[in-house]
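Source file work-v8.tsv; content: TSV, C-alpha atoms.
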chain	number	residue	atom	x	y	z
A	5	MET	CA	68.21	58.93	42.04
A	6	GLY	CA	66.77	59.86	45.39
A	7	ASN	CA	63.90	58.23	47.22
A	8	LEU	CA	60.42	59.29	46.06
A	9	ASN	CA	59.65	60.47	49.57
A	10	ASP	CA	62.39	63.07	49.21
A	11	PHE	CA	60.47	64.97	46.49
A	12	PRO	CA	57.92	67.70	47.26
A	13	GLU	CA	54.30	66.62	47.59
A	14	ASN	CA	53.21	68.13	44.25
A	15	THR	CA	56.02	66.50	42.23
A	16	VAL	CA	54.95	64.84	38.95
A	17	LEU	CA	57.13	62.06	37.59
A	18	ILE	CA	58.13	62.45	33.94
A	19	ASP	CA	57.06	58.96	32.89
A	20	GLU	CA	53.60	59.36	34.44
A	21	GLN	CA	53.11	62.79	32.88
A	22	ALA	CA	54.27	61.54	29.48
A	23	GLU	CA	51.85	58.60	29.71
A	24	ARG	CA	48.91	60.90	30.53
A	25	ASP	CA	49.82	63.41	27.80
A	26	TYR	CA	50.20	60.71	25.16
A	27	LEU	CA	46.88	59.15	26.13
A	28	THR	CA	45.20	62.54	25.85
A	29	TYR	CA	46.78	63.08	22.44
A	30	ALA	CA	45.71	59.61	21.28
A	31	ILE	CA	42.10	60.14	22.32
A	32	MET	CA	41.97	63.55	20.67
A	33	SER	CA	43.46	62.28	17.41
A	34	VAL	CA	40.93	59.45	17.32
A	35	LYS	CA	37.87	61.55	18.13
A	36	GLU	CA	38.78	64.88	16.54
A	37	ARG	CA	40.51	63.82	13.33
A	38	ALA	CA	40.55	60.19	12.25
A	39	LEU	CA	37.20	58.54	12.91
A	40	PRO	CA	33.70	59.53	11.75
A	41	GLN	CA	30.79	59.89	14.11
A	42	VAL	CA	28.06	57.30	13.78
A	43	GLU	CA	25.33	59.96	13.78
A	44	ASP	CA	26.28	61.82	10.58
A	45	GLY	CA	29.23	59.84	9.22
A	46	GLN	CA	31.46	62.92	9.17
A	47	LYS	CA	34.82	63.68	10.69
A	48	PRO	CA	35.08	67.01	12.56
A	49	VAL	CA	36.79	68.86	9.70
A	50	GLN	CA	34.16	67.68	7.21
A	51	LYS	CA	31.33	68.67	9.54
A	52	ARG	CA	32.83	72.12	10.02
A	53	ILE	CA	33.26	72.69	6.29
A	54	LEU	CA	29.68	71.66	5.56
A	55	TYR	CA	28.17	73.74	8.35
A	56	SER	CA	30.31	76.78	7.53
A	57	MET	CA	29.19	76.68	3.89
A	58	TRP	CA	25.55	76.16	4.88
A	59	SER	CA	25.52	79.07	7.34
A	60	ALA	CA	27.34	81.30	4.81
A	61	GLY	CA	24.67	80.67	2.18
A	62	GLN	CA	26.77	78.56	-0.21
A	63	LYS	CA	23.84	76.22	-0.74
A	64	PRO	CA	22.99	74.12	-3.82
A	65	ASP	CA	20.85	76.89	-5.34
A	66	ALA	CA	23.48	79.60	-4.80
A	67	LYS	CA	26.34	80.62	-7.07
A	68	HIS	CA	29.72	78.95	-6.78
A	69	VAL	CA	32.26	80.85	-4.68
A	70	LYS	CA	36.02	80.70	-4.59
A	71	SER	CA	37.30	77.75	-2.59
A	72	ALA	CA	39.81	80.09	-0.94
A	73	ARG	CA	36.92	82.03	0.58
A	74	VAL	CA	35.45	78.87	2.09
A	75	VAL	CA	38.82	77.75	3.43
A	76	GLY	CA	39.35	81.12	5.07
A	77	GLU	CA	35.93	81.11	6.72
A	78	VAL	CA	36.41	77.59	8.08
A	79	LEU	CA	39.87	78.40	9.43
A	80	GLY	CA	38.78	81.67	10.98
A	81	LYS	CA	35.62	80.45	12.67
A	82	LEU	CA	35.76	76.71	13.33
A	83	HIS	CA	38.94	74.83	12.43
A	84	PRO	CA	42.20	76.61	13.39
A	85	HIS	CA	44.57	74.24	11.61
A	86	GLY	CA	46.46	74.31	8.32
A	87	ASP	CA	44.65	75.43	5.17
A	88	SER	CA	45.72	72.23	3.38
A	89	SER	CA	43.81	70.09	5.89
A	90	VAL	CA	40.60	71.99	5.12
A	91	TYR	CA	41.07	72.18	1.36
A	92	ASP	CA	42.08	68.53	1.01
A	93	ALA	CA	38.95	67.46	2.91
A	94	MET	CA	36.84	69.76	0.75
A	95	VAL	CA	38.34	68.38	-2.47
A	96	ARG	CA	37.67	64.82	-1.38
A	97	LEU	CA	34.00	65.63	-0.75
A	98	ALA	CA	33.73	66.98	-4.32
A	99	GLN	CA	35.35	64.02	-6.14
A	100	ASP	CA	32.77	61.63	-7.59
A	101	PHE	CA	35.48	58.98	-8.00
A	102	THR	CA	36.36	59.18	-4.29
A	103	VAL	CA	32.98	59.41	-2.56
A	104	ARG	CA	29.82	57.69	-3.76
A	105	TYR	CA	27.63	60.77	-3.22
A	106	PRO	CA	29.71	63.99	-3.40
A	107	LEU	CA	28.55	66.58	-0.88
A	108	MET	CA	30.28	69.40	-2.77
A	109	ASP	CA	29.65	70.73	-6.27
A	110	GLY	CA	32.98	71.97	-7.58
A	111	GLN	CA	34.02	73.93	-10.65
A	112	GLY	CA	37.56	73.70	-11.94
A	113	ASN	CA	40.26	71.10	-11.55
A	114	PHE	CA	39.45	68.89	-8.57
A	115	GLY	CA	41.92	66.16	-9.42
A	116	SER	CA	41.51	62.93	-11.36
A	117	LEU	CA	41.25	59.19	-10.90
A	118	ASP	CA	44.88	58.87	-12.05
A	119	GLY	CA	46.07	60.66	-8.94
A	120	ASP	CA	46.42	64.19	-10.34
A	121	ARG	CA	46.08	66.76	-7.57
A	122	ALA	CA	43.43	69.44	-7.51
A	123	ALA	CA	44.31	72.98	-8.50
A	124	ALA	CA	45.11	75.46	-5.73
A	125	PHE	CA	42.09	76.82	-3.86
A	126	ARG	CA	42.48	80.22	-5.46
A	127	TYR	CA	41.62	78.70	-8.84
A	128	THR	CA	38.62	76.49	-7.99
A	129	GLU	CA	35.04	77.32	-7.05
A	130	ILE	CA	32.60	75.37	-4.93
A	131	ARG	CA	29.16	75.14	-3.39
A	132	LEU	CA	27.16	72.46	-1.59
A	133	ALA	CA	25.66	69.64	-3.64
A	134	PRO	CA	21.89	68.98	-3.39
A	135	ILE	CA	22.38	65.79	-1.37
A	136	ALA	CA	23.98	67.85	1.39
A	137	ASP	CA	20.43	68.90	2.32
A	138	LEU	CA	20.03	65.46	3.91
A	139	LEU	CA	22.74	66.45	6.37
A	140	LEU	CA	22.07	70.13	6.94
A	141	SER	CA	18.45	71.12	6.27
A	142	GLU	CA	17.37	70.63	9.91
A	143	VAL	CA	20.52	71.87	11.62
A	144	GLU	CA	18.90	75.10	12.83
A	145	ARG	CA	15.60	73.56	13.95
A	146	GLY	CA	16.64	72.51	17.42
A	147	THR	CA	17.60	69.00	16.34
A	148	VAL	CA	21.19	68.92	17.66
A	149	ASP	CA	23.31	70.47	20.37
A	150	PHE	CA	25.61	73.40	19.60
A	151	LEU	CA	29.02	73.96	21.17
A	152	ASP	CA	31.34	76.95	21.43
A	153	ASN	CA	33.98	77.12	18.74
A	154	TYR	CA	37.68	77.09	19.60
A	155	ASP	CA	37.79	80.70	20.82
A	156	GLY	CA	34.22	81.09	22.08
A	157	THR	CA	33.23	83.68	19.46
A	158	SER	CA	30.68	81.53	17.62
A	159	ARG	CA	28.82	78.23	17.85
A	160	GLU	CA	28.98	75.00	15.88
A	161	PRO	CA	26.83	71.85	15.88
A	162	ARG	CA	28.21	68.84	17.73
A	163	VAL	CA	26.90	66.63	14.92
A	164	LEU	CA	24.75	67.19	11.84
A	165	PRO	CA	21.10	65.97	11.84
A	166	ALA	CA	21.62	63.42	9.08
A	167	ARG	CA	18.36	62.12	7.61
A	168	LEU	CA	20.18	59.01	6.35
A	169	PRO	CA	23.24	57.19	7.75
A	170	PHE	CA	26.04	58.76	5.74
A	171	THR	CA	28.41	56.46	7.61
A	172	LEU	CA	27.21	53.81	5.15
A	173	LEU	CA	26.33	56.03	2.18
A	174	ASN	CA	29.77	57.55	1.63
A	175	GLY	CA	31.77	55.35	3.98
A	176	ALA	CA	34.95	56.60	5.62
A	177	SER	CA	38.65	55.92	5.86
A	178	GLY	CA	41.00	56.99	8.60
A	179	ILE	CA	43.87	55.95	10.82
A	180	ALA	CA	44.85	57.19	14.25
A	181	VAL	CA	46.79	56.07	17.30
A	182	GLY	CA	45.99	52.38	17.68
A	183	MET	CA	42.75	52.61	15.69
A	184	ALA	CA	41.64	52.74	12.08
A	185	CYS	CA	38.43	52.62	10.09
A	186	GLU	CA	37.68	51.47	6.56
A	187	ILE	CA	33.98	51.73	5.77
A	188	PRO	CA	32.93	51.19	2.13
A	189	SER	CA	30.16	53.19	0.50
A	190	HIS	CA	26.70	51.77	-0.16
A	191	ASN	CA	23.78	52.42	-2.49
A	192	LEU	CA	21.36	55.09	-1.30
A	193	LYS	CA	18.18	53.15	-2.16
A	194	GLU	CA	19.48	50.03	-0.43
A	195	VAL	CA	20.51	51.97	2.68
A	196	ALA	CA	17.12	53.71	2.85
A	197	ALA	CA	15.31	50.39	2.44
A	198	ALA	CA	17.46	48.85	5.20
A	199	CYS	CA	16.66	51.73	7.55
A	200	VAL	CA	12.92	51.44	6.91
A	201	ALA	CA	13.09	47.68	7.50
A	202	TYR	CA	14.97	48.18	10.77
A	203	LEU	CA	12.47	50.77	12.02
A	204	LYS	CA	9.68	48.29	11.34
A	205	LYS	CA	11.57	45.42	12.97
A	206	PRO	CA	14.20	46.63	15.48
A	207	ASN	CA	15.00	43.07	16.61
A	208	MET	CA	16.09	41.97	13.13
A	209	SER	CA	19.37	40.08	12.65
A	210	VAL	CA	22.40	41.02	10.57
A	211	ALA	CA	21.40	38.33	8.08
A	212	GLU	CA	17.98	39.93	7.65
A	213	LEU	CA	19.52	43.36	7.24
A	214	CYS	CA	21.85	41.99	4.56
A	215	THR	CA	18.84	41.12	2.41
A	216	TYR	CA	18.39	44.87	2.01
A	217	LEU	CA	22.12	45.72	2.05
A	218	PRO	CA	23.71	42.96	-0.06
A	219	GLY	CA	27.11	44.66	-0.24
A	220	PRO	CA	29.09	47.85	-0.92
A	221	ASP	CA	28.50	50.13	-3.89
A	222	PHE	CA	31.83	51.72	-4.78
A	223	PRO	CA	32.22	55.21	-6.37
A	224	GLY	CA	34.18	53.89	-9.37
A	225	GLY	CA	31.99	50.85	-9.85
A	226	GLY	CA	33.66	47.48	-10.05
A	227	LYS	CA	32.28	44.00	-9.51
A	228	LEU	CA	32.15	42.52	-6.02
A	229	ILE	CA	33.18	38.86	-6.34
A	230	SER	CA	33.19	37.86	-2.69
A	231	SER	CA	30.44	35.42	-1.75
A	232	ALA	CA	27.32	36.52	0.11
A	233	ALA	CA	28.55	34.47	3.09
A	234	ASP	CA	31.88	36.36	3.16
A	235	ILE	CA	30.11	39.72	2.96
A	236	GLN	CA	27.71	38.78	5.74
A	237	ALA	CA	30.59	37.55	7.90
A	238	ALA	CA	32.42	40.88	7.49
A	239	TYR	CA	29.24	42.82	8.23
A	240	THR	CA	28.57	40.69	11.33
A	241	SER	CA	32.03	41.06	12.86
A	242	GLY	CA	32.63	44.61	11.64
A	243	SER	CA	35.90	43.65	9.98
A	244	GLY	CA	37.08	41.60	7.03
A	245	SER	CA	38.23	41.80	3.44
A	246	LEU	CA	36.26	41.68	0.18
A	247	ARG	CA	37.48	41.06	-3.38
A	248	VAL	CA	36.53	43.47	-6.15
A	249	ARG	CA	37.21	43.23	-9.89
A	250	ALA	CA	37.10	45.72	-12.72
A	251	GLN	CA	34.14	45.62	-15.09
A	252	PHE	CA	35.13	44.79	-18.67
A	253	GLU	CA	33.75	43.78	-22.04
A	254	TYR	CA	35.08	42.12	-25.17
A	255	GLU	CA	34.85	44.50	-28.10
A	256	GLU	CA	34.61	42.84	-31.51
A	257	LEU	CA	36.57	44.40	-34.38
A	258	ALA	CA	36.91	43.77	-38.12
A	259	ARG	CA	38.53	40.60	-39.50
A	260	SER	CA	37.83	38.57	-36.35
A	261	GLN	CA	39.96	40.88	-34.22
A	262	TRP	CA	38.92	41.77	-30.68
A	263	GLN	CA	40.08	43.71	-27.64
A	264	ILE	CA	39.31	44.00	-23.95
A	265	VAL	CA	37.82	47.30	-22.77
A	266	ILE	CA	37.86	48.10	-19.03
A	267	THR	CA	34.85	50.29	-18.18
A	268	GLN	CA	34.98	50.39	-14.36
A	269	PHE	CA	37.85	50.15	-11.89
A	270	PRO	CA	37.83	48.74	-8.36
A	271	PRO	CA	38.82	51.06	-5.47
A	272	GLY	CA	42.43	52.25	-5.62
A	273	CYS	CA	42.83	51.34	-9.29
A	274	SER	CA	43.21	53.60	-12.34
A	275	ALA	CA	44.25	53.38	-15.97
A	276	LYS	CA	47.59	54.98	-15.17
A	277	LYS	CA	48.29	52.45	-12.42
A	278	VAL	CA	47.41	49.44	-14.59
A	279	LEU	CA	49.56	50.70	-17.49
A	280	GLN	CA	52.49	51.17	-15.11
A	281	GLU	CA	52.03	47.65	-13.74
A	282	LEU	CA	51.96	46.15	-17.24
A	283	ASP	CA	55.04	48.13	-18.22
A	284	GLU	CA	56.92	46.87	-15.15
A	285	ILE	CA	56.00	43.28	-16.01
A	286	ALA	CA	56.91	43.59	-19.70
A	287	ASP	CA	60.14	45.50	-18.97
A	288	PRO	CA	61.18	44.37	-15.47
A	289	LYS	CA	64.04	45.82	-13.50
A	290	VAL	CA	66.59	43.80	-11.53
A	291	LYS	CA	65.43	43.60	-7.90
A	292	ASP	CA	68.64	42.24	-6.39
A	293	PRO	CA	71.64	44.42	-7.43
A	294	LYS	CA	74.04	41.69	-6.28
A	295	LYS	CA	72.82	39.19	-8.89
A	296	ASP	CA	72.56	41.61	-11.82
A	297	LYS	CA	69.90	39.52	-13.52
A	298	LEU	CA	66.17	39.00	-13.52
A	299	SER	CA	64.59	36.36	-11.32
A	300	PRO	CA	62.99	33.29	-12.99
A	301	LYS	CA	59.55	34.62	-12.04
A	302	GLN	CA	60.23	37.98	-13.71
A	303	VAL	CA	61.44	36.25	-16.89
A	304	SER	CA	58.40	33.98	-16.95
A	305	LEU	CA	55.94	36.85	-16.44
A	306	LYS	CA	57.67	38.92	-19.11
A	307	GLN	CA	57.45	36.13	-21.68
A	308	LEU	CA	53.81	35.47	-20.80
A	309	THR	CA	52.94	39.16	-21.06
A	310	LEU	CA	54.58	39.54	-24.47
A	311	SER	CA	52.82	36.42	-25.73
A	312	LEU	CA	49.38	37.63	-24.61
A	313	ILE	CA	49.36	41.44	-24.97
A	314	ASP	CA	50.23	43.52	-28.00
A	315	ALA	CA	49.28	46.97	-26.68
A	316	ALA	CA	47.52	48.73	-23.85
A	317	ARG	CA	46.31	52.32	-23.90
A	318	ASP	CA	44.07	54.70	-22.05
A	319	GLU	CA	41.27	56.06	-24.27
A	320	SER	CA	39.38	57.82	-21.48
A	321	ASP	CA	37.99	61.28	-22.28
A	322	LYS	CA	35.28	63.65	-21.10
A	323	THR	CA	32.48	61.63	-22.67
A	324	THR	CA	33.92	58.26	-21.56
A	325	PRO	CA	35.57	58.73	-18.15
A	326	VAL	CA	36.89	55.16	-18.03
A	327	ARG	CA	38.07	53.30	-21.13
A	328	LEU	CA	41.24	51.24	-20.85
A	329	VAL	CA	41.91	49.15	-23.95
A	330	ILE	CA	43.98	45.94	-23.90
A	331	GLU	CA	44.85	44.50	-27.34
A	332	PRO	CA	45.80	40.79	-27.53
A	333	ARG	CA	48.93	39.69	-29.40
A	334	THR	CA	46.75	37.86	-31.95
A	335	SER	CA	43.05	37.12	-32.33
A	336	LYS	CA	43.83	33.51	-31.39
A	337	VAL	CA	44.82	34.40	-27.83
A	338	ASP	CA	42.47	32.72	-25.37
A	339	ARG	CA	40.18	35.42	-23.98
A	340	ALA	CA	39.69	33.79	-20.60
A	341	GLU	CA	43.46	33.32	-20.22
A	342	LEU	CA	44.17	36.98	-20.99
A	343	ILE	CA	41.61	38.40	-18.57
A	344	ALA	CA	42.70	35.94	-15.87
A	345	PHE	CA	46.30	37.10	-16.38
A	346	LEU	CA	45.24	40.73	-15.96
A	347	PHE	CA	43.29	40.03	-12.79
A	348	ALA	CA	46.13	38.02	-11.28
A	349	ASN	CA	48.97	40.43	-12.06
A	350	THR	CA	47.47	43.93	-11.93
A	351	SER	CA	45.25	45.93	-9.61
A	352	LEU	CA	42.24	45.21	-11.83
A	353	GLU	CA	41.35	42.80	-9.05
A	354	THR	CA	42.00	43.93	-5.50
A	355	SER	CA	41.03	43.48	-1.86
A	356	VAL	CA	38.95	46.05	-0.01
A	357	GLY	CA	39.25	46.18	3.75
A	358	ILE	CA	36.25	46.35	6.08
A	359	ASN	CA	36.61	47.97	9.51
A	360	PHE	CA	33.48	49.49	11.04
A	361	THR	CA	35.25	51.48	13.77
A	362	VAL	CA	33.42	54.73	14.53
A	363	VAL	CA	32.75	57.13	17.39
A	364	GLY	CA	29.44	55.84	18.74
A	365	LEU	CA	26.53	57.48	20.53
A	366	ASP	CA	28.41	57.05	23.81
A	367	ALA	CA	31.23	59.24	22.38
A	368	ASN	CA	33.64	56.30	22.52
A	369	PRO	CA	35.39	54.78	19.50
A	370	ASN	CA	34.47	51.13	18.98
A	371	ARG	CA	34.18	48.57	16.22
A	372	LYS	CA	30.55	47.81	15.42
A	373	ASN	CA	28.69	45.51	13.08
A	374	ILE	CA	26.47	46.88	10.35
A	375	LEU	CA	23.29	46.38	12.36
A	376	GLN	CA	24.70	48.43	15.23
A	377	LEU	CA	25.58	51.25	12.81
A	378	VAL	CA	22.00	51.37	11.55
A	379	ALA	CA	20.55	51.01	15.07
A	380	GLU	CA	22.62	53.84	16.55
A	381	TRP	CA	21.80	56.14	13.65
A	382	ALA	CA	18.09	55.30	14.03
A	383	GLU	CA	18.24	56.12	17.76
A	384	PHE	CA	19.96	59.41	16.97
A	385	ARG	CA	17.45	60.21	14.25
A	386	PHE	CA	14.51	59.51	16.56
A	387	THR	CA	15.97	62.06	18.97
A	388	CYS	CA	16.39	64.58	16.14
A	389	VAL	CA	12.76	64.24	15.03
A	390	THR	CA	11.52	64.51	18.61
A	391	ARG	CA	13.56	67.66	19.19
A	392	ARG	CA	12.46	69.12	15.84
A	393	CYS	CA	8.80	68.61	16.70
A	394	GLN	CA	9.30	70.16	20.15
A	395	TYR	CA	11.10	73.11	18.57
A	396	ARG	CA	8.20	73.70	16.16
A	397	LEU	CA	5.69	73.36	18.99
A	398	ASN	CA	7.54	75.90	21.10
A	399	ASP	CA	7.68	78.24	18.12
A	400	VAL	CA	3.92	77.99	17.59
A	401	VAL	CA	3.15	78.45	21.28
A	402	ASP	CA	5.39	81.50	21.51
Translate the structure described by the file into structure tokens.
Amino acid sequence: MGNLNDFPENTVLIDEQAERDYLTYAIMSVKERALPQVEDGQKPVQKRILYSMWSAGQKPDAKHVKSARVVGEVLGKLHPHGDSSVYDAMVRLAQDFTVRYPLMDGQGNFGSLDGDRAAAFRYTEIRLAPIADLLLSEVERGTVDFLDNYDGTSREPRVLPARLPFTLLNGASGIAVGMACEIPSHNLKEVAAACVAYLKKPNMSVAELCTYLPGPDFPGGGKLISSAADIQAAYTSGSGSLRVRAQFEYEELARSQWQIVITQFPPGCSAKKVLQELDEIADPKVKDPKKDKLSPKQVSLKQLTLSLIDAARDESDKTTPVRLVIEPRTSKVDRAELIAFLFANTSLETSVGINFTVVGLDANPNRKNILQLVAEWAEFRFTCVTRRCQYRLNDVVD
């Protein structure tokens, strides 16, 4: 290889160019795809879907329209990527078992908790859900900046003027180059109360905020069993892990018989998944093909399972969305032992990650604590209200 001085003055070295290009790609993937913005809690594709539907009149009081029509409008005007990326994001926003407060009102097959995929967009219909008004009702009142779309033929809002921090309401999940976020959903009343408390006392601590926001409120329910101290620690640092269990009840039957009925699942759990896990424990497969026999742990778990459980079945239907029944081997089986076995060996008890990494008001992705999320949204909202009032004043003066 020759000396660097031998190359022309405008020569670019491959390794330097590759480093710059990869950094550019990494930043774009973080900001434009993976992470939500702290102002409205939406990723770019979600924001574009919501605004496109709002501007096209597919509002909560309008008739449902074909999902294919919405996908086409979003692709043509705002998001020139694959149709699956748009439709998948749209489906997620319509699933009440995925997001705490669905922003879309769908008709047709939009998938199930058991992992069934939604029908193709030519078969389903959709419109905005009423709660979407909290994101979109002020978008055309001078509250936010608008940018040119990808080809300069139309305009789109940089963010949506969210009247509540949807970053906490619906949470978010995403992974990009070197960064990821995992924000759980929270109860609307608790989030609103926390915001009011912060506005009244901006110098409050995370501990004080946690008196209004005691913990996540998951779409599928479940019981949060982590201590208040663990929750507060995760909320203070912006990262951590919380334990969540399924909700259950003991159902009494005739002749002193009883059964366990699961009524709510923790995140990532479903009746299908639990039944598969129990089947794998009761009928294990050889893990090491060289030994051609089950491990002592597999044999022990199999014997314990057969001694505790007689049957397990999914009785969920349209009227009862979640009803997983576990029948004990006999009525003399210890109830506490059976439920402890289920929690220890199935996904009826699971860990939920906490990672409050978002794109902040400074347009940079950073991990924040829960107080910073509320504070940055409040600052953004103050700007929105100020701009809205100025817009109305200008309209009256004109």
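Atom pair CA of Leu310 (chain A) / CA of Lys295 (chain A): separated by 24.0 Å.
Between CA of Pro48 (chain A) and CA of Val389 (chain A) there is a distance of 22.6 Å.
You will find CA of Asn368 (chain A) at 27.1 Å from CA of Thr102 (chain A).
Residue nearest Gln111 (chain A), chosen from A:Gly76, A:Val16, A:His68, A:Gly242 and counting all atoms listed in the file: A:His68.
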(message) Quick one: residues within 10 Å of Cys199 (chain A), all atoms listed in the file, excluding same-chain residues fewer than 6 positions away - as number ranges by chain?
(response) A: 168-169, 193, 205-206, 213, 216-217, 375, 378-379, 381-382
(message) Can you tell me which residues surround Glu77 (chain A) at a distance of at most 12 Å, considering all atoms listed in the file, apart from same-chain residues fewer than 5 positions away, and format the answer as a ChimeraX atom specification?
(response) /A:52-60,62,69-72,82-84,87,90-91
Could the residues in this selection be saved with C-alpha atoms as a PDB file, in the coordinates of the input?
ATOM      1  CA  ARG A  52      32.830  72.120  10.020  1.00  0.00           C
ATOM      2  CA  ILE A  53      33.260  72.690   6.290  1.00  0.00           C
ATOM      3  CA  LEU A  54      29.680  71.660   5.560  1.00  0.00           C
ATOM      4  CA  TYR A  55      28.170  73.740   8.350  1.00  0.00           C
ATOM      5  CA  SER A  56      30.310  76.780   7.530  1.00  0.00           C
ATOM      6  CA  MET A  57      29.190  76.680   3.890  1.00  0.00           C
ATOM      7  CA  TRP A  58      25.550  76.160   4.880  1.00  0.00           C
ATOM      8  CA  SER A  59      25.520  79.070   7.340  1.00  0.00           C
ATOM      9  CA  ALA A  60      27.340  81.300   4.810  1.00  0.00           C
ATOM     10  CA  GLN A  62      26.770  78.560  -0.210  1.00  0.00           C
ATOM     11  CA  VAL A  69      32.260  80.850  -4.680  1.00  0.00           C
ATOM     12  CA  LYS A  70      36.020  80.700  -4.590  1.00  0.00           C
ATOM     13  CA  SER A  71      37.300  77.750  -2.590  1.00  0.00           C
ATOM     14  CA  ALA A  72      39.810  80.090  -0.940  1.00  0.00           C
ATOM     15  CA  LEU A  82      35.760  76.710  13.330  1.00  0.00           C
ATOM     16  CA  HIS A  83      38.940  74.830  12.430  1.00  0.00           C
ATOM     17  CA  PRO A  84      42.200  76.610  13.390  1.00  0.00           C
ATOM     18  CA  ASP A  87      44.650  75.430   5.170  1.00  0.00           C
ATOM     19  CA  VAL A  90      40.600  71.990   5.120  1.00  0.00           C
ATOM     20  CA  TYR A  91      41.070  72.180   1.360  1.00  0.00           C
TER      21      TYR A  91
END
Please provide the set of residues having any atom within 7 Å of Lys227 (chain A), restricted to all atoms listed in the file, with same-chain residues fewer than 3 positions apart removed, written as a PDB file with C-alpha atoms, in the frame of the given file.
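Below is the file result-v8.pdb, written as the result:
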ATOM      1  CA  VAL A 248      36.530  43.470  -6.150  1.00  0.00           C
ATOM      2  CA  ARG A 249      37.210  43.230  -9.890  1.00  0.00           C
ATOM      3  CA  ALA A 250      37.100  45.720 -12.720  1.00  0.00           C
ATOM      4  CA  GLN A 251      34.140  45.620 -15.090  1.00  0.00           C
TER       5      GLN A 251
END
(message) Give me, as number ranges by chain, all polymer residues having an atom no more than 10 Å from Glu194 (chain A), counting all atoms listed in the file and skipping those fewer than 4 positions away in the same chain.
(response) A: 173, 190, 198-200, 214-221
Using all atoms listed in the file, find all polymer residues with an atom at most 6 Å away from the point (31.9, 54.7, -7.6); report them as a compact mmCIF listing (two decimals) with C-alpha atoms, keeping the file's coordinate frame.
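Contents of result.txt, as written:
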# COMPACT_ATOMS: atom_id res chain seq x y z
CA PHE A 101 35.48 58.98 -8.00
CA ARG A 104 29.82 57.69 -3.76
CA PHE A 222 31.83 51.72 -4.78
CA PRO A 223 32.22 55.21 -6.37
CA GLY A 224 34.18 53.89 -9.37
CA GLY A 225 31.99 50.85 -9.85
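Taking all atoms listed in the file into account, the residues near (29.8, 59.8, 9.4), no farther than 10 Å, are Leu39, Pro40, Gln41, Val42, Glu43, Asp44, Gly45, Gln46, Lys47, Pro48, Gln50, Lys51, Val163, Leu164, Ala166, Pro169, Phe170, Thr171, Leu172, Leu173, Asn174, Gly175, Ala176, Ile187, Val362, Val363 and Trp381 of chain A.
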(request) Counting all atoms listed in the file, figure out which residue out of A:Met108, A:Ala180, A:Leu282, A:Met208 gets nearest to Pro134 (chain A). (result) A:Met108
(request) List the neighbours of Thr324 (chain A) out to 12 Å using all atoms listed in the file; skip same-chain residues closer than 2 positions along the sequence, and give me the result as a ChimeraX atom specification. (result) /A:265-268,318-322,326-328
(message) Using only C-alpha atoms for the distances, tell me which of A:Ala344, A:Ser231, A:Val356, A:Lys291 is nearest to Ser189 (chain A).
(response) A:Val356
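Ranking A:Lys81, A:Ser351, A:Ile264, A:Asn359 by their shortest atom-to-atom distance to Ile179 (chain A), with only C-alpha atoms included, puts A:Asn359 first.
When only C-alpha atoms are used to compute distances to Glu341 (chain A), the closest of the residues A:Ala201, A:Ala66, A:Leu308, A:Val49 turns out to be A:Leu308.
Restricting the calculation to all atoms listed in the file, the smallest distance between Glu186 (chain A) and any of A:Leu397, A:Cys388, A:Leu246, A:Ala232 is found for A:Leu246.
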